[in-house]
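Peer 1: Provided below: work-v4.cif, containing mmCIF, C-alpha atoms.
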data_data
#
loop_
_atom_site.label_atom_id
_atom_site.label_comp_id
_atom_site.auth_asym_id
_atom_site.auth_seq_id
_atom_site.Cartn_x
_atom_site.Cartn_y
_atom_site.Cartn_z
CA MET A 1 0.00 0.00 0.00
CA PRO A 2 1.56 3.32 -1.02
CA LYS A 3 2.48 5.76 1.71
CA LYS A 4 0.28 8.84 2.01
CA ILE A 5 1.71 12.33 2.03
CA LEU A 6 -0.16 15.54 2.89
CA VAL A 7 1.25 18.60 1.10
CA VAL A 8 0.33 22.01 2.47
CA ASP A 9 1.18 25.23 0.60
CA ASP A 10 -0.84 28.36 -0.13
CA ASP A 11 0.73 28.62 -3.61
CA PHE A 12 -1.48 26.55 -5.88
CA ASN A 13 1.23 25.98 -8.53
CA ILE A 14 3.79 24.72 -6.02
CA LEU A 15 1.16 22.52 -4.39
CA LYS A 16 0.25 21.00 -7.75
CA LEU A 17 3.88 20.48 -8.82
CA ILE A 18 4.94 18.80 -5.57
CA ALA A 19 1.85 16.58 -5.73
CA ILE A 20 2.70 15.54 -9.31
CA ARG A 21 6.31 14.81 -8.35
CA LEU A 22 5.24 12.67 -5.37
CA LYS A 23 2.60 10.78 -7.37
CA ALA A 24 5.21 10.08 -10.07
CA ASN A 25 7.20 8.43 -7.28
CA ASN A 26 4.24 6.23 -6.32
CA TYR A 27 3.00 8.06 -3.27
CA ASP A 28 -0.61 8.82 -2.43
CA VAL A 29 -1.02 12.55 -2.15
CA VAL A 30 -3.51 14.75 -0.31
CA THR A 31 -3.30 18.53 -0.53
CA ALA A 32 -4.35 21.58 1.47
CA SER A 33 -3.80 25.25 0.76
CA ASP A 34 -4.22 26.64 4.27
CA GLY A 35 -3.43 25.61 7.80
CA LEU A 36 -6.98 25.13 9.06
CA TYR A 37 -7.91 22.83 6.20
CA ALA A 38 -4.58 21.03 6.64
CA ILE A 39 -5.39 20.16 10.26
CA LYS A 40 -8.78 18.83 9.12
CA LYS A 41 -7.11 16.67 6.45
CA VAL A 42 -4.62 15.26 8.96
CA TYR A 43 -7.43 13.87 11.10
CA GLU A 44 -9.44 12.68 8.10
CA ASP A 45 -6.68 11.10 6.00
CA LYS A 46 -4.03 10.23 8.60
CA PRO A 47 -1.01 10.83 6.34
CA ASP A 48 2.34 9.12 6.87
CA LEU A 49 4.20 12.36 6.22
CA ILE A 50 3.37 16.07 6.02
CA ILE A 51 5.20 18.56 3.79
CA LEU A 52 4.32 21.92 5.28
CA ASP A 53 4.93 25.45 4.01
CA ILE A 54 5.95 27.77 6.84
CA GLU A 55 4.74 31.02 5.29
CA MET A 56 0.97 30.80 4.84
CA PRO A 57 -1.47 33.68 5.40
CA VAL A 58 -4.25 31.57 6.91
CA GLY A 59 -3.16 29.28 9.75
CA GLY A 60 0.61 29.53 9.28
CA GLY A 61 2.82 26.44 9.11
CA MET A 62 4.21 26.91 12.62
CA GLY A 63 0.70 27.09 14.05
CA VAL A 64 -0.29 23.86 12.31
CA PHE A 65 2.90 22.18 13.51
CA LYS A 66 2.39 23.20 17.13
CA ASN A 67 -1.22 22.03 16.96
CA LEU A 68 -0.18 18.60 15.64
CA LYS A 69 2.57 18.22 18.24
CA MET A 70 0.12 18.87 21.07
CA ASN A 71 -2.12 15.99 20.08
CA THR A 72 -1.20 12.34 20.77
CA GLU A 73 -2.98 11.23 17.58
CA THR A 74 -0.82 13.40 15.35
CA MET A 75 2.38 14.19 17.23
CA LEU A 76 4.36 11.34 15.69
CA ILE A 77 3.61 12.16 12.05
CA PRO A 78 6.91 13.38 10.57
CA VAL A 79 6.85 16.91 9.18
CA ILE A 80 9.16 18.39 6.54
CA PHE A 81 9.03 22.19 6.53
CA ILE A 82 9.34 24.07 3.28
CA THR A 83 10.29 27.74 3.20
CA ALA A 84 11.42 30.53 0.89
CA TYR A 85 13.19 32.36 3.70
CA PRO A 86 15.67 29.98 5.30
CA SER A 87 17.11 31.85 8.26
CA GLU A 88 19.52 29.81 10.38
CA GLU A 89 17.60 30.64 13.57
CA MET A 90 14.33 29.43 12.09
CA GLN A 91 15.91 26.21 10.87
CA SER A 92 17.46 25.42 14.26
CA LYS A 93 14.23 26.40 16.04
CA VAL A 94 11.94 24.11 14.01
CA LEU A 95 14.36 21.18 14.15
CA GLU A 96 14.58 21.60 17.93
CA MET A 97 10.77 21.66 18.08
CA GLY A 98 10.71 18.24 16.45
CA ALA A 99 10.43 18.81 12.70
CA GLU A 100 11.89 15.99 10.68
CA ASP A 101 13.65 18.13 8.10
CA PHE A 102 13.77 21.41 6.24
CA ILE A 103 13.74 22.24 2.54
CA THR A 104 14.34 25.60 0.93
CA LYS A 105 12.59 27.03 -2.10
CA PRO A 106 13.50 26.70 -4.87
CA PHE A 107 14.24 23.08 -4.14
CA ASN A 108 16.04 20.45 -6.10
CA ALA A 109 13.70 17.54 -6.92
CA ASP A 110 16.31 14.92 -5.99
CA GLU A 111 16.87 16.61 -2.64
CA LEU A 112 13.11 16.72 -1.99
CA MET A 113 12.66 13.03 -2.79
CA ALA A 114 15.71 12.04 -0.72
CA LYS A 115 14.28 13.89 2.29
CA VAL A 116 10.82 12.38 1.76
CA ARG A 117 12.25 8.86 1.64
CA LYS A 118 14.43 9.49 4.69
CA ALA A 119 11.45 10.85 6.65
CA LEU A 120 9.41 7.78 5.71
CA GLY A 121 12.25 5.46 6.67
CA GLU A 122 12.66 4.23 3.13
CA ASN A 123 15.76 3.32 1.21
CA ILE A 124 17.06 6.56 -0.24
CA GLU A 125 18.35 4.86 -3.41
CA LYS A 126 15.05 4.04 -5.09
CA LYS A 127 13.82 3.64 -8.63
CA ASP A 128 11.76 6.61 -9.80
CA ALA A 129 8.58 6.42 -11.86
CA ASN A 130 10.52 6.18 -15.09
CA GLY A 131 12.63 3.27 -13.93
CA GLY A 132 15.78 5.28 -13.50
CA GLN A 133 17.81 5.22 -10.31
CA SER A 134 17.35 8.33 -8.23
CA GLY A 135 18.15 9.60 -4.77
CA MET B 1 27.28 119.45 82.26
CA GLU B 2 30.89 119.35 82.93
CA ASP B 3 32.86 121.90 81.10
CA LYS B 4 35.09 120.06 78.76
CA THR B 5 38.54 121.16 78.23
CA LYS B 6 39.66 122.39 74.87
CA GLU B 7 41.86 119.31 74.43
CA GLU B 8 38.95 116.97 75.16
CA LEU B 9 36.81 118.73 72.56
CA ILE B 10 39.59 118.56 69.97
CA GLU B 11 40.02 114.88 70.74
CA GLU B 12 36.26 114.22 70.39
CA MET B 13 36.30 116.12 67.10
CA ARG B 14 39.21 114.07 65.90
CA VAL B 15 37.41 110.85 66.79
CA LEU B 16 34.28 112.09 65.09
CA LYS B 17 36.24 113.01 61.99
CA THR B 18 37.84 109.57 61.98
CA ARG B 19 34.42 107.96 62.35
CA ILE B 20 33.01 110.15 59.57
CA ALA B 21 35.94 109.14 57.36
CA ASP B 22 35.33 105.50 58.25
CA ILE B 23 31.67 105.86 57.44
CA GLN B 24 32.49 107.60 54.17
CA ASP B 25 34.95 104.86 53.41
CA LEU B 26 32.32 102.23 54.18
CA GLU B 27 29.84 104.13 52.06
CA CYS B 28 32.31 104.11 49.22
CA LYS B 29 32.93 100.40 49.63
CA TYR B 30 29.21 99.77 49.84
CA LYS B 31 28.63 101.66 46.61
CA SER B 32 31.43 99.71 44.92
CA ALA B 33 29.98 96.44 46.18
CA GLU B 34 26.58 97.54 44.97
CA ILE B 35 27.99 98.24 41.52
CA GLU B 36 29.80 94.88 41.56
CA LEU B 37 26.64 93.13 42.66
CA LYS B 38 24.63 94.83 39.97
CA LYS B 39 27.24 93.83 37.43
CA ALA B 40 27.29 90.24 38.70
CA LYS B 41 23.49 90.19 38.62
CA GLU B 42 23.47 91.35 35.01
CA GLU B 43 26.08 88.76 34.08
CA LEU B 44 24.07 86.09 35.84
CA GLU B 45 20.97 87.15 33.97
CA VAL B 46 22.85 86.88 30.68
CA GLU B 47 24.19 83.46 31.66
CA THR B 48 20.77 82.29 32.74
CA TRP B 49 19.35 83.44 29.45
CA GLY B 50 22.20 81.66 27.66
CA LEU B 51 21.61 78.45 29.63
CA ALA B 52 17.92 78.62 28.88
CA LYS B 53 18.70 78.93 25.19
CA THR B 54 21.20 76.05 25.39
CA ASN B 55 18.62 73.99 27.21
CA GLU B 56 16.09 74.72 24.48
CA ALA B 57 18.66 73.76 21.84
CA ILE B 58 19.47 70.51 23.71
CA LYS B 59 15.76 69.68 23.95
CA PHE B 60 15.43 70.36 20.23
CA ILE B 61 18.43 68.13 19.45
CA TYR B 62 17.05 65.34 21.65
CA LYS B 63 13.76 65.63 19.83
CA GLU B 64 15.51 65.44 16.46
CA LEU B 65 17.64 62.49 17.65
CA ASP B 66 14.55 60.71 18.86
CA LYS B 67 12.87 61.36 15.50
CA LYS B 68 15.95 60.10 13.60
CA ASN B 69 16.15 57.08 15.89
CA LYS B 70 12.52 56.20 15.13
CA GLU B 71 13.19 56.68 11.38
CA LEU B 72 16.24 54.41 11.62
CA GLN B 73 14.22 51.77 13.47
CA THR B 74 11.55 51.97 10.76
CA LEU B 75 14.22 51.68 8.03
CA ASP B 76 15.80 48.78 9.86
CA LYS B 77 12.46 47.03 10.06
CA LEU B 78 11.81 47.79 6.37
CA LYS B 79 15.19 46.28 5.48
CA THR B 80 14.44 43.10 7.39
CA ASN B 81 10.95 42.93 5.90
CA PHE B 82 12.36 43.62 2.44
CA ILE B 83 14.81 40.76 2.77
CA SER B 84 12.14 38.29 3.90
CA THR B 85 9.49 39.59 1.45
CA ALA B 86 11.90 39.72 -1.51
CA SER B 87 13.17 36.29 -0.55
CA HIS B 88 9.65 34.86 -0.58
CA GLU B 89 8.43 36.75 -3.66
CA LEU B 90 11.49 35.84 -5.74
CA ARG B 91 11.98 32.26 -4.58
CA THR B 92 8.36 31.18 -4.92
CA PRO B 93 8.03 31.70 -8.71
CA LEU B 94 11.56 30.33 -9.18
CA THR B 95 10.41 27.15 -7.44
CA THR B 96 7.51 26.80 -9.87
CA ILE B 97 9.70 27.42 -12.92
CA ILE B 98 12.51 25.07 -11.87
CA GLU B 99 10.19 22.25 -10.82
CA SER B 100 8.00 22.57 -13.96
CA ILE B 101 11.04 22.35 -16.26
CA SER B 102 12.55 19.51 -14.20
CA GLN B 103 9.34 17.51 -14.41
CA VAL B 104 9.20 17.85 -18.21
CA LEU B 105 12.90 16.93 -18.46
CA ASP B 106 12.29 13.92 -16.19
CA GLU B 107 9.54 12.94 -18.66
CA ILE B 108 6.90 12.81 -15.95
CA HIS B 109 4.45 14.37 -18.43
CA GLY B 110 5.47 12.25 -21.37
CA LYS B 111 8.43 11.67 -23.63
CA ILE B 112 10.30 14.64 -25.06
CA THR B 113 12.52 14.95 -28.10
CA ALA B 114 16.26 15.57 -27.93
CA GLU B 115 15.70 19.07 -29.27
CA GLN B 116 13.11 19.83 -26.60
CA ARG B 117 15.51 18.46 -23.97
CA GLU B 118 18.26 20.74 -25.27
CA PHE B 119 16.17 23.90 -25.05
CA LEU B 120 14.68 23.00 -21.70
CA SER B 121 18.16 22.29 -20.33
CA ILE B 122 19.25 25.76 -21.44
CA CYS B 123 16.22 27.21 -19.60
CA LEU B 124 16.98 25.23 -16.47
CA GLU B 125 20.62 26.30 -16.52
CA ASP B 126 19.72 29.96 -16.64
CA VAL B 127 16.94 29.69 -14.09
CA ASP B 128 19.41 27.94 -11.76
CA ARG B 129 21.76 30.85 -12.32
CA LEU B 130 18.93 33.27 -11.56
CA SER B 131 18.23 31.35 -8.38
CA ARG B 132 21.89 31.63 -7.34
CA LEU B 133 21.80 35.34 -8.15
CA VAL B 134 18.74 35.80 -5.93
CA ASN B 135 20.53 33.94 -3.11
CA ASP B 136 23.65 36.07 -3.52
CA LEU B 137 21.70 39.35 -3.67
CA LEU B 138 19.75 38.45 -0.57
CA ASP B 139 22.96 37.51 1.23
CA ILE B 140 24.52 40.83 0.32
CA SER B 141 21.37 42.61 1.54
CA LYS B 142 21.59 40.67 4.78
CA ILE B 143 25.26 41.55 5.23
CA GLU B 144 24.60 45.24 4.54
CA ALA B 145 21.63 45.29 6.87
CA GLY B 146 23.75 43.72 9.59
CA ARG B 147 21.53 40.65 9.51
CA PHE B 148 24.17 38.18 8.36
CA LYS B 149 24.85 36.38 11.62
CA LEU B 150 28.06 34.46 12.11
CA THR B 151 27.93 31.41 14.35
CA LYS B 152 31.57 31.16 15.24
CA GLN B 153 33.15 27.99 16.53
CA GLN B 154 36.46 26.19 16.56
CA VAL B 155 37.02 24.86 13.02
CA ASP B 156 39.95 22.97 11.56
CA ILE B 157 40.48 24.76 8.25
CA VAL B 158 42.64 21.93 6.89
CA SER B 159 39.75 19.45 7.31
CA LEU B 160 37.30 21.96 5.90
CA ALA B 161 39.48 22.61 2.85
CA LYS B 162 39.90 18.85 2.28
CA MET B 163 36.14 18.37 2.42
CA VAL B 164 35.50 21.15 -0.13
CA SER B 165 38.33 19.90 -2.34
CA VAL B 166 36.78 16.41 -2.52
CA LEU B 167 33.54 17.95 -3.83
CA PHE B 168 35.38 19.67 -6.69
CA HIS B 169 37.64 16.78 -7.76
CA PRO B 170 35.10 15.25 -10.19
CA LYS B 171 34.45 18.60 -11.90
CA ALA B 172 38.15 19.42 -12.16
CA LYS B 173 38.84 15.99 -13.61
CA SER B 174 36.01 16.30 -16.15
CA ILE B 175 37.58 19.45 -17.59
CA GLY B 176 41.13 18.12 -17.56
CA LEU B 177 42.42 20.16 -14.62
CA GLU B 178 44.41 19.00 -11.61
CA LEU B 179 43.16 20.00 -8.18
CA ARG B 180 46.08 20.09 -5.74
CA GLU B 181 46.10 20.34 -1.97
CA ASN B 182 48.97 21.92 -0.08
CA PHE B 183 48.48 21.86 3.67
CA CYS B 184 51.48 23.09 5.61
CA SER B 185 50.32 21.44 8.82
CA GLN B 186 48.04 18.61 9.95
CA THR B 187 45.55 21.05 11.40
CA ALA B 188 44.93 24.79 11.40
CA MET B 189 42.40 25.80 14.02
CA ALA B 190 40.41 28.95 13.35
CA TYR B 191 37.50 30.65 15.11
CA VAL B 192 34.98 31.07 12.29
CA ASP B 193 31.47 30.53 10.98
CA LYS B 194 31.91 27.19 9.24
CA ASP B 195 29.24 27.55 6.55
CA SER B 196 30.49 31.01 5.54
CA VAL B 197 34.07 29.82 5.18
CA ILE B 198 32.91 26.84 3.10
CA ARG B 199 31.18 29.41 0.90
CA VAL B 200 34.40 31.38 0.47
CA PHE B 201 36.36 28.26 -0.52
CA THR B 202 33.56 27.14 -2.84
CA ASN B 203 33.28 30.52 -4.57
CA LEU B 204 37.03 30.87 -5.08
CA ILE B 205 37.54 27.31 -6.34
CA SER B 206 34.51 27.63 -8.68
CA ASN B 207 35.96 30.84 -10.09
CA ALA B 208 39.37 29.24 -10.56
CA LEU B 209 37.80 26.31 -12.44
CA LYS B 210 35.87 28.71 -14.67
CA PHE B 211 38.85 30.76 -15.72
CA THR B 212 41.52 28.05 -16.03
CA ASP B 213 41.84 26.31 -19.38
CA LYS B 214 44.78 24.07 -18.55
CA GLY B 215 47.09 23.22 -15.66
CA TYR B 216 45.96 23.13 -12.07
CA ILE B 217 44.24 24.76 -9.15
CA GLU B 218 45.94 24.62 -5.77
CA ILE B 219 44.36 24.94 -2.34
CA LEU B 220 46.87 26.07 0.26
CA VAL B 221 46.33 26.36 4.03
CA MET B 222 49.01 27.72 6.35
CA ASP B 223 48.83 27.85 10.13
CA LYS B 224 50.64 31.11 10.87
CA PRO B 225 51.43 32.57 14.32
CA THR B 226 48.67 35.20 14.22
CA CYS B 227 46.20 33.82 11.68
CA VAL B 228 45.29 30.96 9.37
CA GLU B 229 46.20 31.96 5.83
CA CYS B 230 44.55 30.29 2.83
CA CYS B 231 45.29 30.64 -0.84
CA ILE B 232 43.45 29.43 -3.95
CA SER B 233 45.80 29.72 -6.89
CA ASP B 234 45.40 28.73 -10.52
CA THR B 235 47.26 28.63 -13.82
CA GLY B 236 44.41 30.40 -15.55
CA ARG B 237 43.84 33.47 -17.68
CA GLY B 238 44.89 35.93 -15.03
CA ILE B 239 43.69 39.47 -14.38
CA SER B 240 45.26 42.60 -15.84
CA GLU B 241 46.68 45.34 -13.64
CA GLU B 242 43.98 47.82 -14.69
CA ASP B 243 41.22 45.33 -13.79
CA MET B 244 42.66 44.42 -10.37
CA PRO B 245 40.98 47.27 -8.44
CA ARG B 246 37.58 45.98 -9.64
CA VAL B 247 38.12 42.35 -8.71
CA PHE B 248 35.92 42.42 -5.60
CA GLY B 249 33.30 44.73 -7.10
CA GLU B 250 29.72 43.71 -7.75
CA PHE B 251 28.68 42.60 -11.23
CA GLU B 252 32.15 43.42 -12.55
CA GLU B 253 33.23 41.60 -15.68
CA PHE B 254 36.74 41.83 -16.98
CA GLY B 255 39.40 40.00 -18.88
CA ASN B 256 39.03 37.40 -21.56
CA ARG B 257 35.63 35.77 -21.08
CA GLU B 258 35.65 33.83 -24.33
CA GLY B 259 34.78 30.19 -23.74
CA VAL B 260 34.17 30.65 -20.01
CA ARG B 261 32.50 27.46 -18.87
CA GLU B 262 29.73 28.74 -16.66
CA LYS B 263 28.10 32.09 -16.17
CA GLY B 264 28.42 33.36 -12.61
CA THR B 265 26.25 35.79 -10.68
CA GLY B 266 28.89 38.52 -10.55
CA LEU B 267 28.63 38.62 -6.76
CA GLY B 268 30.75 35.67 -5.62
CA LEU B 269 33.97 37.56 -4.95
CA SER B 270 32.13 40.47 -3.33
CA ILE B 271 30.44 38.03 -0.95
CA CYS B 272 33.82 36.37 -0.20
CA LYS B 273 35.28 39.77 0.70
CA ARG B 274 32.37 40.65 2.96
CA ILE B 275 32.49 37.29 4.74
CA ILE B 276 36.23 37.58 5.36
CA GLU B 277 35.84 41.17 6.57
CA LEU B 278 33.06 40.10 8.96
CA HIS B 279 35.63 37.70 10.42
CA GLN B 280 38.09 40.62 10.74
CA GLY B 281 40.30 38.91 8.17
CA GLU B 282 41.85 40.17 4.95
CA ILE B 283 41.43 39.06 1.35
CA TRP B 284 43.38 40.11 -1.69
CA ALA B 285 44.32 38.95 -5.17
CA GLU B 286 47.63 38.66 -6.98
CA SER B 287 47.67 37.92 -10.68
CA THR B 288 49.67 37.87 -13.88
CA LEU B 289 47.84 37.99 -17.18
CA ASN B 290 47.87 34.63 -18.99
CA LYS B 291 49.83 33.03 -16.15
CA GLY B 292 47.38 32.69 -13.29
CA THR B 293 45.81 34.20 -10.21
CA LYS B 294 46.03 33.80 -6.45
CA PHE B 295 43.27 34.68 -4.04
CA ILE B 296 44.64 34.89 -0.52
CA PHE B 297 42.63 35.34 2.65
CA THR B 298 43.25 35.22 6.38
CA LEU B 299 41.06 33.89 9.17
CA PRO B 300 41.31 34.49 12.93
CA LYS B 301 43.08 31.74 14.86
CA TYR B 302 41.20 29.84 17.52
CA THR B 303 42.41 30.73 20.99
CA GLU B 304 40.76 30.77 24.43
CA ASN B 305 41.40 34.53 24.52
CA LYS B 306 39.49 34.96 21.26
CA ILE B 307 36.37 33.42 22.73
CA GLN B 308 36.63 35.54 25.88
CA GLU B 309 37.09 38.68 23.79
CA GLU B 310 33.92 37.84 21.85
#
Take the structure in this file and express it as structure tokens.
Peer 2:
Amino acid sequence: MPKKILVVDDDFNILKLIAIRLKANNYDVVTASDGLYAIKKVYEDKPDLIILDIEMPVGGGMGVFKNLKMNTETMLIPVIFITAYPSEEMQSKVLEMGAEDFITKPFNADELMAKVRKALGENIEKKDANGGQSG
Amino acid sequence: MEDKTKEELIEEMRVLKTRIADIQDLECKYKSAEIELKKAKEELEVETWGLAKTNEAIKFIYKELDKKNKELQTLDKLKTNFISTASHELRTPLTTIIESISQVLDEIHGKITAEQREFLSICLEDVDRLSRLVNDLLDISKIEAGRFKLTKQQVDIVSLAKMVSVLFHPKAKSIGLELRENFCSQTAMAYVDKDSVIRVFTNLISNALKFTDKGYIEILVMDKPTCVECCISDTGRGISEEDMPRVFGEFEEFGNREGVREKGTGLGLSICKRIIELHQGEIWAESTLNKGTKFIFTLPKYTENKIQEE
């Protein structure tokens, strides 16, 4: 059964592109474009991983993250933060708070997939949708 | 009444005259003192007026300083907001462009022809360059706004240089260049921000690879008594004497750029200079046209005193 990933980003294009990339790598993908809807989807769909944009106007990424970490049902779901403004303090802060990893926009697709596989405890060297080796 | 003698009367008159003279003398002194007092009072009034004016001027200056301080705080906040807003507004569309092109190149949306691959690769190359330019511009903004924070720690520059060198070996080999290492000691401990120094090494080695057609690039690290001195030298095209003053300038292009392998952002050397200066080090270049170039920089040594000073 394919692993399920929830992608949360207020930019529709980025949301769509990440979803396409993940589906091409045989993951099930659920999307949300704001924090409030994202929390709802977490409880409904119980994803194995969450890719979460930090900078969102409605229900920011940090708020969603804190909410998930306070709840026993959701606190163990790994979260990869995605941001366009990678300050060192923010990176250290979110990793200390328990985030699995951090990715900066614009991201490299190989780097994204490597971090997704690592967060899901999968072998990083994995065949991609086109049969080529990637990682 | 007793009749007074003539002598007694003369004596009384003499005493009276003396007393009158004394009184006149006192009167004179009193008048002088009065004049002095009046003068002192006038001077005091002038001084008081002067102090009041000075006080007014000081209050005005404080008010102006307060106003300027608030303006500076607003500017400071605007700078920080600009950096984070510009970062977000530039990086978000770049993400969309890079990922869209990558997905087509990865044939996620169907097969593509060799010609389509060629043109899309050109697009991706330039968008990657644009992305690096955005990163460099934002870093320069951060440095200028005083927002570029250094996290200093004890770092072995020899190990750091070896690590960076390993990353560049494949590229050097692929273009027929030798990448040499020359470490004058086993270790060279410096007190630096590790990521920033890696950036300096990376920028300088990348530049050397770009502008060297044949021969080698050498990475040298020397543990000197007062600093750690590093040098990236090459047998490349060199820089002319008239271009040397512009070497660390922003967006400066000079020399023979024909056949240069990769387009840079024009900010790499400027960022190197700023990073080294933030570490209170020095950076300079020495070059001979058509023979090669050396970029030399110094880093503060790690000592217990250094940490206490900081």
Peer 1: Just give me the gap between atom CA of B:Ile157 and atom CA of B:Asn182 in Å, one decimal is fine.
Peer 2: 12.2 Å
Peer 1: Could you name the residues that touch B:Ile98 at 9 Å or less, counting all atoms listed in the file, but leaving out those on the same chain fewer than 6 positions away, as a CSV table (one decimal) with C-alpha atoms, keeping the file's coordinate frame?
Peer 2:
chain,number,residue,atom,x,y,z
A,106,PRO,CA,13.5,26.7,-4.9
A,107,PHE,CA,14.2,23.1,-4.1
A,108,ASN,CA,16.0,20.4,-6.1
B,123,CYS,CA,16.2,27.2,-19.6
B,124,LEU,CA,17.0,25.2,-16.5
B,127,VAL,CA,16.9,29.7,-14.1
B,128,ASP,CA,19.4,27.9,-11.8
Peer 1: If you measure from atom CA of B:Val15 to atom CA of B:Cys28, what distance in Å do you get, rounded to one decimal?
Peer 2: 19.5 Å
Peer 1: Compare B:Leu278, B:Leu26, B:Leu44, B:Leu150 by their minimum atom-to-atom distance to chain A, counting all atoms listed in the file, and give me the closest one.
Peer 2: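 Of B:Leu278, B:Leu26, B:Leu44, B:Leu150, the one nearest chain A, counting all atoms listed in the file, is B:Leu150.
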Peer 1: Dump as a short mmCIF file (atom, residue, chain, number, x, y, z; two decimals) with C-alpha atoms, keeping the file's coordinate frame the residues of chain B that approach chain A to within 7 Å, counting all atoms listed in the file.
Peer 2:
data_model
loop_
_atom_site.label_atom_id
_atom_site.label_comp_id
_atom_site.auth_asym_id
_atom_site.auth_seq_id
_atom_site.Cartn_x
_atom_site.Cartn_y
_atom_site.Cartn_z
CA SER B 84 12.14 38.29 3.90
CA SER B 87 13.17 36.29 -0.55
CA HIS B 88 9.65 34.86 -0.58
CA ARG B 91 11.98 32.26 -4.58
CA THR B 92 8.36 31.18 -4.92
CA LEU B 94 11.56 30.33 -9.18
CA THR B 95 10.41 27.15 -7.44
CA THR B 96 7.51 26.80 -9.87
CA GLU B 99 10.19 22.25 -10.82
CA SER B 100 8.00 22.57 -13.96
CA ILE B 108 6.90 12.81 -15.95
#
Peer 1: So what do you get for atom CA of B:Lys77 versus atom CA of B:Gly146, distance-wise?
Peer 2: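 One can read the atom CA of B:Lys77 to atom CA of B:Gly146 distance as 11.8 Å.
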Peer 1: Counting only C-alpha atoms, which residue out of A:Met56, A:Ile50, A:Leu22, A:Ile39 sits closest to A:Asp9?
Peer 2: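 Between A:Met56, A:Ile50, A:Leu22, A:Ile39, the residue approaching A:Asp9 most closely is A:Met56.
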Peer 1: Find the residue from B:Arg246, B:Arg19, B:Arg199, B:Arg237 that sits nearest to B:Phe211; use all atoms listed in the file when measuring.
Peer 2: B:Arg237
